[in-house]
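Next comes protein_2.cif, a file with mmCIF, C-alpha atoms (C1' of nucleotides).
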data_target
#
loop_
_atom_site.group_PDB
_atom_site.id
_atom_site.type_symbol
_atom_site.label_atom_id
_atom_site.label_comp_id
_atom_site.auth_asym_id
_atom_site.auth_seq_id
_atom_site.Cartn_x
_atom_site.Cartn_y
_atom_site.Cartn_z
ATOM 1 C CA MET A 7 94.785 40.558 36.315
ATOM 2 C CA LEU A 8 92.344 42.622 38.386
ATOM 3 C CA HIS A 9 92.913 45.364 35.899
ATOM 4 C CA ALA A 10 92.041 42.997 33.085
ATOM 5 C CA LEU A 11 88.711 42.196 34.725
ATOM 6 C CA SER A 12 87.895 45.746 35.777
ATOM 7 C CA ASP A 13 86.717 46.847 32.354
ATOM 8 C CA PRO A 14 83.020 46.218 31.653
ATOM 9 C CA VAL A 15 83.581 45.031 28.095
ATOM 10 C CA ARG A 16 86.254 42.567 29.151
ATOM 11 C CA LEU A 17 84.212 41.328 32.070
ATOM 12 C CA ARG A 18 81.390 40.697 29.652
ATOM 13 C CA ILE A 19 83.662 38.667 27.415
ATOM 14 C CA VAL A 20 84.774 36.580 30.356
ATOM 15 C CA ARG A 21 81.181 36.035 31.425
ATOM 16 C CA TYR A 22 80.243 34.881 27.927
ATOM 17 C CA LEU A 23 83.149 32.457 27.905
ATOM 18 C CA ALA A 24 82.380 31.128 31.354
ATOM 19 C CA ALA A 25 78.717 30.641 30.495
ATOM 20 C CA ALA A 26 79.501 28.911 27.205
ATOM 21 C CA GLY A 27 82.034 26.588 28.787
ATOM 22 C CA GLU A 28 83.771 26.076 25.449
ATOM 23 C CA ASP A 29 85.875 27.858 22.876
ATOM 24 C CA LEU A 30 84.238 30.763 21.124
ATOM 25 C CA ALA A 31 85.192 32.735 18.038
ATOM 26 C CA CYS A 32 85.697 36.442 18.559
ATOM 27 C CA SER A 33 82.938 37.131 16.078
ATOM 28 C CA VAL A 34 80.154 35.535 18.104
ATOM 29 C CA PHE A 35 80.443 38.150 20.836
ATOM 30 C CA ASP A 36 77.856 40.859 20.737
ATOM 31 C CA LEU A 37 79.774 43.799 22.137
ATOM 32 C CA PRO A 38 78.894 47.480 22.082
ATOM 33 C CA VAL A 39 82.237 48.458 20.588
ATOM 34 C CA SER A 40 83.942 48.372 17.226
ATOM 35 C CA LYS A 41 85.952 45.506 15.802
ATOM 36 C CA SER A 42 89.281 47.129 16.565
ATOM 37 C CA THR A 43 88.314 47.745 20.153
ATOM 38 C CA THR A 44 87.175 44.158 20.492
ATOM 39 C CA THR A 45 90.550 42.967 19.275
ATOM 40 C CA HIS A 46 92.198 45.268 21.787
ATOM 41 C CA HIS A 47 90.229 43.827 24.704
ATOM 42 C CA PHE A 48 90.950 40.267 23.663
ATOM 43 C CA ARG A 49 94.604 41.145 23.552
ATOM 44 C CA VAL A 50 94.519 42.557 27.072
ATOM 45 C CA LEU A 51 92.796 39.439 28.349
ATOM 46 C CA ARG A 52 95.315 37.230 26.607
ATOM 47 C CA GLU A 53 98.362 39.187 27.796
ATOM 48 C CA ASN A 54 97.101 39.054 31.346
ATOM 49 C CA GLY A 55 96.696 35.304 31.227
ATOM 50 C CA VAL A 56 92.924 35.257 31.429
ATOM 51 C CA ILE A 57 92.271 33.603 28.080
ATOM 52 C CA ARG A 58 94.119 31.547 25.519
ATOM 53 C CA GLN A 59 93.654 31.938 21.791
ATOM 54 C CA CYS A 60 94.296 29.752 18.815
ATOM 55 C CA TYR A 61 93.317 29.759 15.186
ATOM 56 C CA ARG A 62 90.854 27.288 13.770
ATOM 57 C CA GLY A 63 90.417 27.936 10.098
ATOM 58 C CA THR A 64 89.767 31.633 9.661
ATOM 59 C CA ALA A 65 88.233 32.010 13.102
ATOM 60 C CA LYS A 66 90.243 32.742 16.223
ATOM 61 C CA MET A 67 88.952 30.742 19.141
ATOM 62 C CA SER A 68 89.182 31.999 22.693
ATOM 63 C CA THR A 69 89.264 29.831 25.793
ATOM 64 C CA LEU A 70 88.990 30.815 29.400
ATOM 65 C CA ARG A 71 92.031 29.604 31.348
ATOM 66 C CA ARG A 72 90.028 28.477 34.341
ATOM 67 C CA ASP A 73 92.594 26.067 35.716
ATOM 68 C CA ASP A 74 95.561 28.417 35.508
ATOM 69 C CA LEU A 75 93.577 31.219 37.083
ATOM 70 C CA GLU A 76 92.331 28.943 39.824
ATOM 71 C CA ARG A 77 95.890 27.972 40.645
ATOM 72 C CA LEU A 78 97.154 31.541 40.782
ATOM 73 C CA PHE A 79 94.116 33.225 42.285
ATOM 74 C CA PRO A 80 91.991 30.617 44.039
ATOM 75 C CA GLY A 81 88.299 31.450 44.024
ATOM 76 C CA LEU A 82 88.807 34.837 42.484
ATOM 77 C CA LEU A 83 87.277 34.155 39.112
ATOM 78 C CA ASP A 84 84.190 32.542 40.593
ATOM 79 C CA SER A 85 83.718 35.416 43.011
ATOM 80 C CA VAL A 86 83.970 37.920 40.244
ATOM 81 C CA LEU A 87 81.594 35.974 38.038
ATOM 82 C CA THR A 88 78.894 35.534 40.663
ATOM 83 C CA ALA A 89 79.235 39.163 41.711
ATOM 84 C CA ALA A 90 78.955 40.287 38.101
ATOM 85 C CA ALA A 91 75.930 38.071 37.499
ATOM 86 C CA ARG A 92 74.273 39.421 40.609
ATOM 87 C CA GLN A 93 74.995 42.984 39.625
ATOM 88 C CA ALA A 94 73.622 42.352 36.132
ATOM 89 C CA ASP A 95 70.442 40.961 37.673
ATOM 90 C CA ARG A 96 70.103 43.966 39.915
ATOM 91 C CA LEU A 97 70.462 46.388 37.031
ATOM 92 C CA GLY A 98 68.197 44.368 34.789
ATOM 93 C CA GLY A 99 65.370 43.972 37.313
ATOM 94 C CA MET B 23 85.046 48.074 42.774
ATOM 95 C CA LEU B 24 87.437 45.881 40.796
ATOM 96 C CA HIS B 25 88.904 49.064 39.481
ATOM 97 C CA ALA B 26 89.405 50.301 43.030
ATOM 98 C CA LEU B 27 91.369 47.176 43.882
ATOM 99 C CA SER B 28 93.356 47.028 40.681
ATOM 100 C CA ASP B 29 95.835 49.704 41.695
ATOM 101 C CA PRO B 30 98.891 48.408 43.577
ATOM 102 C CA VAL B 31 98.907 51.249 46.087
ATOM 103 C CA ARG B 32 95.243 50.798 46.908
ATOM 104 C CA LEU B 33 95.556 47.046 47.136
ATOM 105 C CA ARG B 34 98.367 47.576 49.599
ATOM 106 C CA ILE B 35 96.202 49.849 51.721
ATOM 107 C CA VAL B 36 93.440 47.245 51.752
ATOM 108 C CA ARG B 37 95.915 44.553 52.714
ATOM 109 C CA TYR B 38 97.216 46.665 55.578
ATOM 110 C CA LEU B 39 93.692 47.249 56.812
ATOM 111 C CA ALA B 40 92.721 43.608 56.530
ATOM 112 C CA ALA B 41 95.843 42.502 58.367
ATOM 113 C CA ALA B 42 95.366 45.041 61.140
ATOM 114 C CA GLY B 43 91.734 44.142 61.627
ATOM 115 C CA GLU B 44 91.011 47.536 63.130
ATOM 116 C CA ASP B 45 90.792 51.212 62.266
ATOM 117 C CA LEU B 46 94.009 52.823 61.111
ATOM 118 C CA ALA B 47 95.015 56.439 60.673
ATOM 119 C CA CYS B 48 96.119 57.413 57.184
ATOM 120 C CA SER B 49 99.480 58.392 58.567
ATOM 121 C CA VAL B 50 100.513 54.916 59.693
ATOM 122 C CA PHE B 51 100.627 53.646 56.139
ATOM 123 C CA ASP B 52 104.056 53.414 54.624
ATOM 124 C CA LEU B 53 103.350 54.052 50.983
ATOM 125 C CA PRO B 54 105.757 54.872 48.167
ATOM 126 C CA VAL B 55 103.791 57.945 47.117
ATOM 127 C CA SER B 56 103.313 61.494 48.290
ATOM 128 C CA LYS B 57 100.771 62.691 50.817
ATOM 129 C CA SER B 58 98.460 64.102 48.185
ATOM 130 C CA THR B 59 98.483 60.880 46.238
ATOM 131 C CA THR B 60 97.739 58.923 49.389
ATOM 132 C CA THR B 61 94.711 61.107 50.029
ATOM 133 C CA HIS B 62 93.611 60.515 46.455
ATOM 134 C CA HIS B 63 93.766 56.739 46.818
ATOM 135 C CA PHE B 64 91.864 56.792 50.085
ATOM 136 C CA ARG B 65 89.222 58.841 48.382
ATOM 137 C CA VAL B 66 88.889 56.328 45.557
ATOM 138 C CA LEU B 67 88.555 53.487 48.050
ATOM 139 C CA ARG B 68 85.932 55.402 49.991
ATOM 140 C CA GLU B 69 83.920 56.420 46.942
ATOM 141 C CA ASN B 70 83.882 52.828 45.714
ATOM 142 C CA GLY B 71 82.559 51.580 49.027
ATOM 143 C CA VAL B 72 85.665 49.674 50.045
ATOM 144 C CA ILE B 73 86.458 51.640 53.194
ATOM 145 C CA ARG B 74 84.722 53.957 55.603
ATOM 146 C CA GLN B 75 86.413 56.964 57.177
ATOM 147 C CA CYS B 76 85.772 59.042 60.259
ATOM 148 C CA TYR B 77 87.688 61.577 62.242
ATOM 149 C CA ARG B 78 89.069 60.828 65.656
ATOM 150 C CA GLY B 79 90.817 63.879 66.971
ATOM 151 C CA THR B 80 93.177 65.112 64.296
ATOM 152 C CA ALA B 81 93.573 61.667 62.776
ATOM 153 C CA LYS B 82 91.305 60.268 60.099
ATOM 154 C CA MET B 83 90.617 56.633 60.756
ATOM 155 C CA SER B 84 89.933 54.182 57.940
ATOM 156 C CA THR B 85 87.970 50.971 58.289
ATOM 157 C CA LEU B 86 87.583 48.152 55.821
ATOM 158 C CA ARG B 87 83.900 47.549 55.042
ATOM 159 C CA ARG B 88 84.209 43.781 55.148
ATOM 160 C CA ASP B 89 80.538 43.048 55.797
ATOM 161 C CA ASP B 90 79.178 45.296 53.092
ATOM 162 C CA LEU B 91 81.638 43.965 50.571
ATOM 163 C CA GLU B 92 80.856 40.403 51.537
ATOM 164 C CA ARG B 93 77.168 41.042 50.965
ATOM 165 C CA LEU B 94 77.686 42.591 47.540
ATOM 166 C CA PHE B 95 80.570 40.480 46.298
ATOM 167 C CA PRO B 96 80.674 37.234 48.273
ATOM 168 C CA GLY B 97 84.168 35.844 48.656
ATOM 169 C CA LEU B 98 85.711 38.407 46.390
ATOM 170 C CA LEU B 99 87.680 40.318 48.985
ATOM 171 C CA ASP B 100 89.128 37.177 50.533
ATOM 172 C CA SER B 101 90.121 35.842 47.137
ATOM 173 C CA VAL B 102 91.846 39.053 46.256
ATOM 174 C CA LEU B 103 93.611 39.203 49.602
ATOM 175 C CA THR B 104 94.925 35.668 49.501
ATOM 176 C CA ALA B 105 95.975 36.059 45.888
ATOM 177 C CA ALA B 106 97.776 39.288 46.719
ATOM 178 C CA ALA B 107 99.502 37.738 49.713
ATOM 179 C CA ARG B 108 100.596 34.805 47.605
ATOM 180 C CA GLN B 109 101.876 37.045 44.868
ATOM 181 C CA ALA B 110 103.784 39.146 47.419
ATOM 182 C CA ASP B 111 105.377 35.982 48.767
ATOM 183 C CA ARG B 112 106.356 34.902 45.296
ATOM 184 C CA LEU B 113 107.977 38.223 44.507
ATOM 185 C CA GLY B 114 109.625 38.469 47.913
ATOM 186 C CA GLY B 115 111.100 34.955 47.879
ATOM 187 C "C1'" DG C 1 96.778 83.307 70.318
ATOM 188 C "C1'" DC C 2 100.486 80.313 68.196
ATOM 189 C "C1'" DC C 3 102.559 76.348 66.452
ATOM 190 C "C1'" DG C 4 102.814 71.621 64.899
ATOM 191 C "C1'" DT C 5 100.488 67.647 63.127
ATOM 192 C "C1'" DA C 6 97.145 65.467 59.996
ATOM 193 C "C1'" DC C 7 94.753 65.669 56.274
ATOM 194 C "C1'" DT C 8 92.249 67.914 52.155
ATOM 195 C "C1'" DA C 9 91.672 70.923 48.035
ATOM 196 C "C1'" DC C 10 93.253 72.610 43.899
ATOM 197 C "C1'" DG C 11 95.718 73.064 39.746
ATOM 198 C "C1'" DA C 12 99.151 71.053 36.741
ATOM 199 C "C1'" DT C 13 101.224 67.317 34.310
ATOM 200 C "C1'" DA C 14 102.252 63.161 32.310
ATOM 201 C "C1'" DA C 15 101.015 58.561 31.404
ATOM 202 C "C1'" DG C 16 97.651 55.127 30.406
ATOM 203 C "C1'" DC C 17 93.785 53.442 28.195
ATOM 204 C "C1'" DA C 18 89.376 52.844 25.564
ATOM 205 C "C1'" DT C 19 87.809 53.999 21.397
ATOM 206 C "C1'" DC C 20 87.698 54.553 16.493
ATOM 207 C "C1'" DG C 21 88.711 54.255 11.294
ATOM 208 C "C1'" DT C 22 91.472 52.551 7.814
ATOM 209 C "C1'" DA C 23 94.776 49.551 5.878
ATOM 210 C "C1'" DT C 24 96.643 44.931 5.945
ATOM 211 C "C1'" DT C 25 97.157 39.952 6.560
ATOM 212 C "C1'" DA C 26 95.381 35.234 6.520
ATOM 213 C "C1'" DC C 27 92.308 31.768 5.089
ATOM 214 C "C1'" DG C 28 88.681 29.246 2.510
ATOM 215 C "C1'" DG C 29 85.318 28.884 -1.449
ATOM 216 C "C1'" DC C 30 84.433 29.620 -6.339
ATOM 217 C "C1'" DG D 23 93.377 34.339 -9.397
ATOM 218 C "C1'" DC D 24 89.427 36.750 -7.020
ATOM 219 C "C1'" DC D 25 86.320 37.764 -3.461
ATOM 220 C "C1'" DG D 26 84.396 37.623 1.180
ATOM 221 C "C1'" DT D 27 85.045 36.786 5.962
ATOM 222 C "C1'" DA D 28 87.805 37.172 10.304
ATOM 223 C "C1'" DA D 29 90.953 39.223 12.635
ATOM 224 C "C1'" DT D 30 95.254 42.247 13.491
ATOM 225 C "C1'" DA D 31 98.227 46.424 13.031
ATOM 226 C "C1'" DC D 32 98.731 51.133 13.164
ATOM 227 C "C1'" DG D 33 98.016 55.844 14.094
ATOM 228 C "C1'" DA D 34 95.024 59.275 16.097
ATOM 229 C "C1'" DT D 35 92.130 61.083 19.666
ATOM 230 C "C1'" DG D 36 89.994 62.165 23.786
ATOM 231 C "C1'" DC D 37 89.087 60.826 28.492
ATOM 232 C "C1'" DT D 38 90.578 59.024 32.749
ATOM 233 C "C1'" DT D 39 93.832 58.644 36.291
ATOM 234 C "C1'" DA D 40 98.146 58.575 39.051
ATOM 235 C "C1'" DT D 41 101.265 61.663 40.512
ATOM 236 C "C1'" DC D 42 103.069 65.829 42.454
ATOM 237 C "C1'" DG D 43 103.645 70.470 44.916
ATOM 238 C "C1'" DT D 44 101.659 74.125 47.245
ATOM 239 C "C1'" DA D 45 98.213 76.202 49.800
ATOM 240 C "C1'" DG D 46 94.549 75.713 52.964
ATOM 241 C "C1'" DT D 47 91.595 73.774 56.903
ATOM 242 C "C1'" DA D 48 90.875 71.495 61.347
ATOM 243 C "C1'" DC D 49 92.317 70.090 65.752
ATOM 244 C "C1'" DG D 50 95.025 69.689 70.070
ATOM 245 C "C1'" DG D 51 98.868 71.304 73.205
ATOM 246 C "C1'" DC D 52 101.391 75.135 75.207
#

Using C-alpha coordinates, write down the structure that the file contains.
Amino acid sequence: MLHALSDPVRLRIVRYLAAAGEDLACSVFDLPVSKSTTTHHFRVLRENGVIRQCYRGTAKMSTLRRDDLERLFPGLLDSVLTAAARQADRLGG
Amino acid sequence: MLHALSDPVRLRIVRYLAAAGEDLACSVFDLPVSKSTTTHHFRVLRENGVIRQCYRGTAKMSTLRRDDLERLFPGLLDSVLTAAARQADRLGG
DNA sequence: GCCGTACTACGATAAGCATCGTATTACGGC
DNA sequence: GCCGTAATACGATGCTTATCGTAGTACGGC
(Lines of atoms letter the chains of each structure in order from A and count residues from 1; the text may use other names and numbers.)
(Lines give C-alpha, C1' and ligand atoms only; values in the text may rest on other atoms or scores of the structure.)
Protein backbone atom coordinates (compact mmCIF):
# COMPACT_ATOMS: atom_id res chain seq x y z
CA MET A 1 0.00 0.00 0.00
CA LEU A 2 2.78 2.46 0.87
CA HIS A 3 4.54 1.19 -2.18
CA ALA A 4 1.47 1.91 -4.26
CA LEU A 5 1.45 5.52 -3.08
CA SER A 6 5.20 6.05 -3.31
CA ASP A 7 5.24 6.56 -7.06
CA PRO A 8 4.67 10.16 -8.20
CA VAL A 9 2.38 9.21 -11.07
CA ARG A 10 0.20 7.05 -8.86
CA LEU A 11 0.10 9.64 -6.12
CA ARG A 12 -1.08 12.12 -8.70
CA ILE A 13 -3.86 9.80 -9.77
CA VAL A 14 -4.98 9.40 -6.19
CA ARG A 15 -4.91 13.16 -5.68
CA TYR A 16 -7.05 13.69 -8.77
CA LEU A 17 -9.55 11.13 -7.54
CA ALA A 18 -9.66 12.56 -4.05
CA ALA A 19 -10.14 16.09 -5.37
CA ALA A 20 -12.88 15.03 -7.78
CA GLY A 21 -14.74 13.06 -5.14
CA GLU A 22 -16.40 10.92 -7.80
CA ASP A 23 -15.68 8.25 -10.36
CA LEU A 24 -13.38 9.24 -13.18
CA ALA A 25 -12.56 7.60 -16.49
CA CYS A 26 -8.92 6.74 -17.03
CA SER A 27 -8.87 8.99 -20.06
CA VAL A 28 -9.55 12.22 -18.18
CA PHE A 29 -6.22 12.03 -16.36
CA ASP A 30 -3.52 14.22 -17.74
CA LEU A 31 -0.42 12.20 -16.97
CA PRO A 32 3.10 12.61 -18.29
CA VAL A 33 3.32 8.99 -19.38
CA SER A 34 2.06 6.82 -22.19
CA LYS A 35 -1.24 4.98 -22.29
CA SER A 36 0.31 1.63 -21.47
CA THR A 37 2.10 3.04 -18.47
CA THR A 38 -1.11 4.65 -17.28
CA THR A 39 -2.85 1.29 -17.44
CA HIS A 40 0.02 -0.22 -15.49
CA HIS A 41 -0.29 2.32 -12.68
CA PHE A 42 -4.04 1.89 -12.45
CA ARG A 43 -3.49 -1.82 -12.16
CA VAL A 44 -1.03 -1.37 -9.30
CA LEU A 45 -3.45 0.89 -7.48
CA ARG A 46 -6.27 -1.58 -7.99
CA GLU A 47 -4.24 -4.63 -6.91
CA ASN A 48 -3.16 -2.84 -3.78
CA GLY A 49 -6.71 -2.01 -2.83
CA VAL A 50 -6.44 1.73 -3.31
CA ILE A 51 -9.02 2.06 -6.07
CA ARG A 52 -11.91 0.11 -7.51
CA GLN A 53 -12.69 -0.04 -11.20
CA CYS A 54 -15.75 -0.85 -13.21
CA TYR A 55 -16.83 -0.44 -16.79
CA ARG A 56 -19.45 2.06 -17.82
CA GLY A 57 -19.97 1.86 -21.53
CA THR A 58 -16.57 1.98 -23.17
CA ALA A 59 -15.02 3.96 -20.34
CA LYS A 60 -13.47 2.37 -17.27
CA MET A 61 -14.35 4.32 -14.17
CA SER A 62 -12.04 4.48 -11.19
CA THR A 63 -13.11 5.13 -7.61
CA LEU A 64 -11.02 5.82 -4.59
CA ARG A 65 -11.75 3.28 -1.85
CA ARG A 66 -11.73 5.83 0.93
CA ASP A 67 -13.75 3.81 3.41
CA ASP A 68 -11.79 0.58 3.05
CA LEU A 69 -8.51 2.43 3.32
CA GLU A 70 -9.70 4.34 6.34
CA ARG A 71 -10.60 1.09 8.05
CA LEU A 72 -7.27 -0.56 7.33
CA PHE A 73 -4.99 2.44 7.68
CA PRO A 74 -6.76 5.11 9.72
CA GLY A 75 -5.73 8.63 8.79
CA LEU A 76 -3.05 7.49 6.42
CA LEU A 77 -4.66 8.56 3.19
CA ASP A 78 -5.51 12.01 4.50
CA SER A 79 -1.99 12.49 5.82
CA VAL A 80 -0.52 11.52 2.52
CA LEU A 81 -2.90 13.76 0.61
CA THR A 82 -2.30 16.85 2.71
CA ALA A 83 1.45 16.24 2.66
CA ALA A 84 1.38 15.83 -1.11
CA ALA A 85 -0.70 18.98 -1.55
CA ARG A 86 1.68 20.91 0.65
CA GLN A 87 4.68 19.62 -1.21
CA ALA A 88 3.07 20.52 -4.54
CA ASP A 89 2.46 24.04 -3.26
CA ARG A 90 6.04 24.35 -2.13
CA LEU A 91 7.39 23.27 -5.49
CA GLY A 92 4.92 25.40 -7.39
CA GLY A 93 5.53 28.60 -5.42
CA MET B 1 9.82 9.62 2.02
CA LEU B 2 6.95 7.24 1.26
CA HIS B 3 9.45 5.22 -0.66
CA ALA B 4 11.71 5.12 2.37
CA LEU B 5 8.89 3.69 4.47
CA SER B 6 7.60 1.28 1.88
CA ASP B 7 10.29 -1.32 2.47
CA PRO B 8 9.45 -3.88 5.17
CA VAL B 9 12.94 -3.86 6.67
CA ARG B 10 13.02 -0.09 6.91
CA LEU B 11 9.52 0.09 8.31
CA ARG B 12 10.62 -2.36 10.97
CA ILE B 13 13.59 -0.19 11.88
CA VAL B 14 11.32 2.84 12.19
CA ARG B 15 8.91 0.88 14.35
CA TYR B 16 11.73 -0.22 16.63
CA LEU B 17 12.91 3.36 16.97
CA ALA B 18 9.45 4.71 17.63
CA ALA B 19 8.77 2.05 20.25
CA ALA B 20 12.09 2.63 21.99
CA GLY B 21 11.64 6.38 22.06
CA GLU B 22 15.37 6.90 22.32
CA ASP B 23 18.59 6.55 20.36
CA LEU B 24 19.53 3.02 19.37
CA ALA B 25 22.74 1.53 18.06
CA CYS B 26 22.48 -0.20 14.70
CA SER B 27 23.62 -3.40 16.30
CA VAL B 28 20.62 -3.83 18.59
CA PHE B 29 18.28 -4.32 15.67
CA ASP B 30 17.35 -7.89 14.94
CA LEU B 31 16.84 -7.82 11.21
CA PRO B 32 16.56 -10.71 8.77
CA VAL B 33 19.27 -9.31 6.50
CA SER B 34 23.03 -9.09 6.44
CA LYS B 35 25.13 -6.36 7.99
CA SER B 36 25.79 -4.66 4.68
CA THR B 37 22.12 -4.59 3.83
CA THR B 38 21.32 -3.14 7.24
CA THR B 39 23.80 -0.34 6.63
CA HIS B 40 22.18 0.27 3.26
CA HIS B 41 18.71 0.63 4.77
CA PHE B 42 19.93 2.98 7.47
CA ARG B 43 21.50 5.07 4.78
CA VAL B 44 18.25 5.27 2.83
CA LEU B 45 16.38 6.32 5.96
CA ARG B 46 18.98 8.96 6.73
CA GLU B 47 19.11 10.35 3.20
CA ASN B 48 15.33 10.63 3.13
CA GLY B 49 15.29 12.58 6.36
CA VAL B 50 13.60 9.92 8.45
CA ILE B 51 16.41 9.38 10.95
CA ARG B 52 19.48 11.16 12.20
CA GLN B 53 22.71 9.38 13.07
CA CYS B 54 25.70 10.22 15.21
CA TYR B 55 28.60 8.33 16.65
CA ARG B 56 28.88 7.59 20.32
CA GLY B 57 32.06 5.70 20.95
CA THR B 58 32.22 2.83 18.50
CA ALA B 59 28.45 2.63 18.19
CA LYS B 60 26.43 4.62 15.69
CA MET B 61 23.25 5.83 17.28
CA SER B 62 20.08 6.38 15.26
CA THR B 63 17.29 8.74 16.20
CA LEU B 64 13.87 9.09 14.67
CA ARG B 65 13.30 12.66 13.45
CA ARG B 66 9.75 12.83 14.74
CA ASP B 67 9.51 16.62 14.91
CA ASP B 68 10.87 17.27 11.45
CA LEU B 69 8.64 14.64 9.94
CA GLU B 70 5.63 15.98 11.78
CA ARG B 71 6.30 19.44 10.38
CA LEU B 72 6.64 18.22 6.80
CA PHE B 73 4.06 15.46 6.80
CA PRO B 74 1.61 16.05 9.64
CA GLY B 75 0.18 12.85 11.05
CA LEU B 76 1.78 10.68 8.44
CA LEU B 77 4.28 8.91 10.65
CA ASP B 78 1.70 8.10 13.31
CA SER B 79 -0.71 6.78 10.71
CA VAL B 80 1.93 4.57 9.23
CA LEU B 81 3.02 3.32 12.63
CA THR B 82 -0.45 2.44 13.84
CA ALA B 83 -1.29 0.82 10.53
CA ALA B 84 1.90 -1.21 10.66
CA ALA B 85 1.27 -2.27 14.25
CA ARG B 86 -2.25 -3.30 13.36
CA GLN B 87 -1.08 -5.24 10.35
CA ALA B 88 1.58 -6.98 12.45
CA ASP B 89 -1.09 -7.96 14.95
CA ARG B 90 -3.28 -9.32 12.21
CA LEU B 91 -0.50 -11.43 10.76
CA GLY B 92 0.71 -12.56 14.17
CA GLY B 93 -2.73 -13.59 15.47
C1' DG C 1 51.10 -1.99 19.30
C1' DC C 2 47.34 -5.59 18.89
C1' DC C 3 42.90 -7.41 18.83
C1' DG C 4 37.92 -7.32 18.85
C1' DT C 5 33.75 -4.82 17.96
C1' DA C 6 30.92 -1.75 15.09
C1' DC C 7 30.09 0.01 11.11
C1' DT C 8 31.08 1.57 6.12
C1' DA C 9 32.65 1.15 1.25
C1' DC C 10 32.83 -1.22 -2.84
C1' DG C 11 31.77 -4.32 -6.42
C1' DA C 12 28.68 -7.90 -8.00
C1' DT C 13 24.24 -9.85 -8.78
C1' DA C 14 19.60 -10.66 -9.21
C1' DA C 15 15.05 -9.03 -8.90
C1' DG C 16 11.71 -5.46 -9.41
C1' DC C 17 9.67 -1.80 -11.67
C1' DA C 18 8.57 2.20 -14.75
C1' DT C 19 8.45 2.97 -19.28
C1' DC C 20 7.42 2.27 -24.06
C1' DG C 21 5.42 0.53 -28.65
C1' DT C 22 2.51 -2.50 -30.90
C1' DA C 23 -1.16 -5.67 -31.21
C1' DT C 24 -5.64 -6.93 -29.41
C1' DT C 25 -10.19 -6.74 -27.24
C1' DA C 26 -14.54 -4.43 -26.18
C1' DC C 27 -18.07 -1.22 -27.03
C1' DG C 28 -21.02 2.26 -29.34
C1' DG C 29 -22.40 5.00 -33.55
C1' DC C 30 -23.19 5.05 -38.51
C1' DG D 1 -20.31 -4.76 -41.17
C1' DC D 2 -17.01 -0.82 -40.39
C1' DC D 3 -14.71 2.64 -37.93
C1' DG D 4 -13.23 5.25 -33.89
C1' DT D 5 -12.55 5.43 -29.04
C1' DA D 6 -10.99 3.33 -24.59
C1' DA D 7 -8.53 0.35 -22.46
C1' DT D 8 -5.68 -4.11 -21.79
C1' DA D 9 -2.08 -7.60 -22.94
C1' DC D 10 2.38 -8.64 -24.15
C1' DG D 11 7.18 -8.37 -24.82
C1' DA D 12 11.26 -5.54 -24.53
C1' DT D 13 14.30 -2.38 -22.25
C1' DG D 14 16.78 0.20 -19.11
C1' DC D 15 17.07 1.96 -14.46
C1' DT D 16 16.62 1.36 -9.67
C1' DT D 17 17.16 -1.25 -5.65
C1' DA D 18 17.68 -5.06 -2.26
C1' DT D 19 20.86 -8.27 -1.26
C1' DC D 20 25.29 -10.25 -0.37
C1' DG D 21 30.42 -11.01 0.64
C1' DT D 22 34.76 -9.15 1.36
C1' DA D 23 37.76 -5.63 2.50
C1' DG D 24 38.55 -1.50 4.94
C1' DT D 25 38.17 2.22 8.68
C1' DA D 26 37.48 3.88 13.40
C1' DC D 27 37.45 3.29 18.21
C1' DG D 28 38.26 1.34 22.86
C1' DG D 29 40.52 -2.16 26.00
C1' DC D 30 44.61 -4.79 27.18

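Near chain C, within 8 Å and using all atoms listed in the file, the residues of chain B are B:Ser49, B:Thr61, B:Thr80, B:Ala81, B:Lys82.
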
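Coordinates place atom CA of B:His63 at a distance of 8.8 Å from atom CA of B:Ile35.
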
Discussion item. Select, as an MDAnalysis selection string, those residues of chain B with any atom no more than 6 Å from chain A (distances computed using all atoms listed in the file).
Written reply: chainID B and resid 24:25 28 95 97:98 101 105

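Put simply, the PyMOL selection byres ((chain D) within 8 of (chain A)) in this file takes in DT27, DA28, DA29 and DT30 of chain D.
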
Practice prompt. Would you write out, as a list in words, every residue that the PyMOL selection byres ((chain D and resi 42) around 8) captures in this file?
Written response: Ser56, Ser58 and Thr59 of chain B; DT41 and DG43 of chain D

Discussion item. Selection in question (the file shown): the PyMOL selection byres ((chain B and resi 87) around 6). Which residues does it include, as an MDAnalysis selection string?
Written reply: chainID B and resid 72:73 86 88:90

Can I get the selected residues back with C-alpha atoms, as a CSV table (one decimal), keeping the file's coordinate frame?
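What ended up in part-v7.csv:
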chain,number,residue,atom,x,y,z
B,72,VAL,CA,85.7,49.7,50.0
B,73,ILE,CA,86.5,51.6,53.2
B,86,LEU,CA,87.6,48.2,55.8
B,88,ARG,CA,84.2,43.8,55.1
B,89,ASP,CA,80.5,43.0,55.8
B,90,ASP,CA,79.2,45.3,53.1

Worksheet, complete the sentence: Judged by all atoms listed in the file, the minimum distance to A:Val20 among A:Leu51, A:Cys60, A:Val39, A:Val34 is found for A:Leu51

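For the pair atom CA of B:Glu44 and atom C1' of D:DA40, the separation is 27.4 Å.
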